[in-house]
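Student: Starting off with a structure, shown below.
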Amino acid sequence: MITDKMVIDEVPGWLRLFDDGSVDRTWTGPPQALFQMSSIPPSPTPNSDNVTVHDLPGDPNLRFYLPASDHLSPGTLFPILLHFHGGGFCITHNTWYIYHQFYSRLAGAIPAAIFSVELSLAPEHRLPAQIHDSFSALVRLRSISENQNSDPLFSSLDFSRVFLIGDSSGGNLVHEVAALAGNETDEFWSPVKLAGAIPIHPGFVRATRSKSELEMEQNPVITLDMLDKFMALALPEGATKDHPYSCPMGTAAPAMEELRLPPFMVCVADKDLVRDTNYEYCEAMKKAGKKVEVLVSEGMSHSFYLNKMAVDSDPVIAQRTKELIDAIKDFVSRH
């Protein structure tokens with residue numbers, strides 16, 4: 001007997017959850033935006049950014065952006081960025097165009113090698129599954145480093161300069177992985193060394209609304225409804241948004257003073273719903289004695305740099321995207 005499934009929850013445009021537990025992530029938003037949610041195939045020959053793109057199957061799967069060797073000065077190696085994608089822990093893939101267009105450009109601009117992690121998705125895989133994926137990726141980098149000399153693909157990488165970077169909910173993962181990595185000794189990670197961390201518009205929230213959540217004009221990229229639903233689907237069953245995974249500056253989270261963390265650069269969007277909780281996180285980190293720089297993109301909304309249509313059509317968004325890339329390049333060069 002065939003029965004129709006019933007939709008029991010929905011994030012319009014992005015996700016439908018059915019009563020049998022299945023999830024449909026078919027894009028139902030504006031058709032003209034669909035190309036940004038398409039997976040881009042790897043490219044073993046240099047692309048327009050003079051970067052090659054490789055898929056590395058494993059646990060977890062990685063996408064690898066490698067600048068051409070002519071980016072390197074004599075006697076130097078590429079620093080490494082380990083990237084955690086966003087999507088509220090529930091949607092998007094690391095191979096999508098929204099990430100490809102930015103991280104290929106960033107790899108060529110710094111220049112740096114970038115490993116982008118394929119993350120499990122909630123609600124099928126609730127937190128801490130994504131934290132386990134991300135930490136496993138860092139462990140996998142250590143394994144790759146041990147075979148560096150036998151694989152020419154990795155011969156130009158500097159494993160002593162690894163930076164964590166993440167968009168939106170990926171910024172939450174940056175904090176969690178940095179904290180977990182700090183629990184291990186330097187000898188455990190050698191020759192890998194965390195040199196810095198770059199959460200971009202991290203999805204830090206509280207159970208109570210912040211001033212920016214209450215007063216900021218909502219952008220289609222992130223609405224209060226999306227924030228609430230993604231967190232409800234991703235956090236452990238029964239948890240509120242005061243959980244440490246979404247509120248690492250809260251009283252339920254491990255004391256920041258006790259965490260061994262690398263230098264951070266937190267990127268904040270001036271017109272982002274989570275702006276105020278991003279600032280709160282930065283202040284808590286500073287109060288705990290951590291090294292924190294803050295980059296504010298004036299007039300910009302959440303994850304503006306991932307929307308290639310907006311970057312190409314709006315000179316202000318294009319300029320803020322360039323400023324973001326320049327700031328990341330500068331932070332990496334100093335650490």
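So you can find residues: chains in the structure tokens are A, B, ... in the order shown, residues in each start at 1, and ligands are numbered from 1 in order.
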As a ChimeraX atom specification, please: all residues of range 87-219 of chain A that backbone DSSP puts in helix (DSSP H, G or I).

Tutor: /A:97-109,129-146,148-150,152-154,169-182,186-189,211-215

Student: Just the residues within 12 Å of Leu227 in chain A, please, counting only C-alpha atoms, with nothing from its chain fewer than 5 positions along; format it as a ChimeraX atom specification.

Tutor: /A:11,87-90,168-169,202-207,209,213,218-222,232-235,241,246,272-274,302

Student: Which residue is closest to Ala269 in chain A? Choose from A:Asn61, A:Thr251, A:Ser212, A:Ser150 and count only C-alpha atoms.

Tutor: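 Answer, going by the shortest atom-to-atom distance: A:Ser212.
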
Student: Please determine, counting only C-alpha atoms, which residue among A:Glu146, A:Asp70, A:Asp59, A:Glu258 has the shortest atom-to-atom distance to Val117 in chain A.

Tutor: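 The answer is A:Asp59, which sits nearest to Val117 in chain A.
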
Student: To test your reading of the structure, identify every residue in range 46-150 of chain A that backbone DSSP assigns to strand (DSSP E), and report it as a PyMOL selection string.

Tutor: chain A and resi 51-56+62-67+78-84+113-117

Student: Give me the residues within 9 Å of range 14-22 of chain A as JSON, numbers by chain, counting only C-alpha atoms and dropping any in the same chain fewer than 4 places off.

Tutor: {"A": [5, 6, 7, 8, 9, 10, 26, 27, 28, 29, 90, 91, 123, 124]}

Student: Could you save the residues just selected, with all heavy atoms, as an mmCIF file, in the first residue's frame?

Tutor:
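Full text of result20.cif as output:
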```cif
data_model
loop_
_atom_site.group_PDB
_atom_site.id
_atom_site.type_symbol
_atom_site.label_atom_id
_atom_site.label_comp_id
_atom_site.auth_asym_id
_atom_site.auth_seq_id
_atom_site.Cartn_x
_atom_site.Cartn_y
_atom_site.Cartn_z
ATOM 1 N N LYS A 5 3.758 10.866 1.568
ATOM 2 C CA LYS A 5 4.497 11.423 2.693
ATOM 3 C C LYS A 5 3.967 12.819 2.997
ATOM 4 O O LYS A 5 3.558 13.554 2.102
ATOM 5 C CB LYS A 5 5.987 11.482 2.375
ATOM 6 C CG LYS A 5 6.631 10.124 2.168
ATOM 7 C CD LYS A 5 8.142 10.219 2.057
ATOM 8 C CE LYS A 5 8.576 10.944 0.806
ATOM 9 N NZ LYS A 5 10.061 10.910 0.673
ATOM 10 N N MET A 6 4.024 13.177 4.271
ATOM 11 C CA MET A 6 3.583 14.507 4.687
ATOM 12 C C MET A 6 4.777 15.354 5.098
ATOM 13 O O MET A 6 5.688 14.874 5.786
ATOM 14 C CB MET A 6 2.613 14.400 5.877
ATOM 15 C CG MET A 6 1.274 13.779 5.539
ATOM 16 S SD MET A 6 0.173 13.791 6.977
ATOM 17 C CE MET A 6 0.107 15.549 7.352
ATOM 18 N N VAL A 7 4.771 16.604 4.657
ATOM 19 C CA VAL A 7 5.797 17.556 5.074
ATOM 20 C C VAL A 7 5.496 17.995 6.506
ATOM 21 O O VAL A 7 4.395 18.483 6.795
ATOM 22 C CB VAL A 7 5.819 18.787 4.143
ATOM 23 C CG1 VAL A 7 6.828 19.814 4.653
ATOM 24 C CG2 VAL A 7 6.151 18.366 2.722
ATOM 25 N N ILE A 8 6.461 17.803 7.395
ATOM 26 C CA ILE A 8 6.252 18.199 8.787
ATOM 27 C C ILE A 8 7.059 19.439 9.166
ATOM 28 O O ILE A 8 6.813 20.060 10.198
ATOM 29 C CB ILE A 8 6.580 17.046 9.760
ATOM 30 C CG1 ILE A 8 8.030 16.592 9.608
ATOM 31 C CG2 ILE A 8 5.620 15.891 9.543
ATOM 32 C CD1 ILE A 8 8.460 15.571 10.656
ATOM 33 N N ASP A 9 8.041 19.795 8.322
ATOM 34 C CA ASP A 9 8.791 21.028 8.557
ATOM 35 C C ASP A 9 9.433 21.442 7.244
ATOM 36 O O ASP A 9 9.683 20.610 6.365
ATOM 37 C CB ASP A 9 9.863 20.840 9.637
ATOM 38 C CG ASP A 9 10.166 22.140 10.376
ATOM 39 O OD1 ASP A 9 9.714 23.216 9.909
ATOM 40 O OD2 ASP A 9 10.826 22.082 11.423
ATOM 41 N N GLU A 10 9.695 22.745 7.113
ATOM 42 C CA GLU A 10 10.219 23.248 5.848
ATOM 43 C C GLU A 10 11.015 24.521 6.081
ATOM 44 O O GLU A 10 10.655 25.367 6.902
ATOM 45 C CB GLU A 10 9.067 23.532 4.883
ATOM 46 C CG GLU A 10 9.504 24.034 3.516
ATOM 47 C CD GLU A 10 8.348 24.227 2.562
ATOM 48 O OE1 GLU A 10 7.176 24.157 3.019
ATOM 49 O OE2 GLU A 10 8.595 24.433 1.361
ATOM 50 N N THR A 26 15.887 19.676 -2.671
ATOM 51 C CA THR A 26 15.765 20.236 -4.013
ATOM 52 C C THR A 26 15.535 21.747 -3.913
ATOM 53 O O THR A 26 14.658 22.213 -3.179
ATOM 54 C CB THR A 26 14.584 19.590 -4.767
ATOM 55 O OG1 THR A 26 14.779 18.174 -4.799
ATOM 56 C CG2 THR A 26 14.487 20.136 -6.179
ATOM 57 N N TRP A 27 16.350 22.504 -4.655
ATOM 58 C CA TRP A 27 16.228 23.966 -4.635
ATOM 59 C C TRP A 27 14.903 24.381 -5.257
ATOM 60 O O TRP A 27 14.575 24.012 -6.392
ATOM 61 C CB TRP A 27 17.388 24.598 -5.401
ATOM 62 C CG TRP A 27 17.260 26.082 -5.622
ATOM 63 C CD1 TRP A 27 17.012 26.724 -6.790
ATOM 64 C CD2 TRP A 27 17.387 27.106 -4.628
ATOM 65 N NE1 TRP A 27 16.969 28.089 -6.597
ATOM 66 C CE2 TRP A 27 17.191 28.355 -5.280
ATOM 67 C CE3 TRP A 27 17.629 27.100 -3.261
ATOM 68 C CZ2 TRP A 27 17.253 29.571 -4.608
ATOM 69 C CZ3 TRP A 27 17.688 28.314 -2.582
ATOM 70 C CH2 TRP A 27 17.499 29.522 -3.259
ATOM 71 N N THR A 28 14.095 25.143 -4.515
ATOM 72 C CA THR A 28 12.811 25.631 -5.019
ATOM 73 C C THR A 28 12.740 27.154 -4.982
ATOM 74 O O THR A 28 11.669 27.740 -5.096
ATOM 75 C CB THR A 28 11.639 25.040 -4.201
ATOM 76 O OG1 THR A 28 11.803 25.388 -2.812
ATOM 77 C CG2 THR A 28 11.598 23.522 -4.337
ATOM 78 N N GLY A 29 13.902 27.800 -4.817
ATOM 79 C CA GLY A 29 13.955 29.254 -4.845
ATOM 80 C C GLY A 29 14.015 29.755 -6.278
ATOM 81 O O GLY A 29 13.673 29.032 -7.227
ATOM 82 N N CYS A 90 22.770 21.972 7.792
ATOM 83 C CA CYS A 90 21.671 21.217 7.182
ATOM 84 C C CYS A 90 21.700 21.178 5.659
ATOM 85 O O CYS A 90 21.097 20.266 5.063
ATOM 86 C CB CYS A 90 20.325 21.803 7.618
ATOM 87 S SG CYS A 90 19.975 21.674 9.388
ATOM 88 N N ILE A 91 22.318 22.151 5.025
ATOM 89 C CA ILE A 91 22.266 22.249 3.567
ATOM 90 C C ILE A 91 23.639 22.625 3.023
ATOM 91 O O ILE A 91 24.550 22.958 3.778
ATOM 92 C CB ILE A 91 21.230 23.296 3.089
ATOM 93 C CG1 ILE A 91 21.555 24.681 3.703
ATOM 94 C CG2 ILE A 91 19.817 22.871 3.436
ATOM 95 C CD1 ILE A 91 20.720 25.813 3.120
ATOM 96 N N PRO A 123 19.038 17.066 9.323
ATOM 97 C CA PRO A 123 18.826 16.352 10.584
ATOM 98 C C PRO A 123 19.197 14.877 10.571
ATOM 99 O O PRO A 123 19.158 14.232 11.610
ATOM 100 C CB PRO A 123 17.320 16.510 10.812
ATOM 101 C CG PRO A 123 16.758 16.538 9.425
ATOM 102 C CD PRO A 123 17.756 17.288 8.596
ATOM 103 N N GLU A 124 19.576 14.332 9.394
ATOM 104 C CA GLU A 124 19.976 12.925 9.367
ATOM 105 C C GLU A 124 21.175 12.679 10.281
ATOM 106 O O GLU A 124 21.303 11.619 10.891
ATOM 107 C CB GLU A 124 20.318 12.479 7.943
ATOM 108 C CG GLU A 124 19.175 12.637 6.942
ATOM 109 C CD GLU A 124 19.298 13.921 6.161
ATOM 110 O OE1 GLU A 124 19.675 14.964 6.763
ATOM 111 O OE2 GLU A 124 19.016 13.906 4.964
#
```
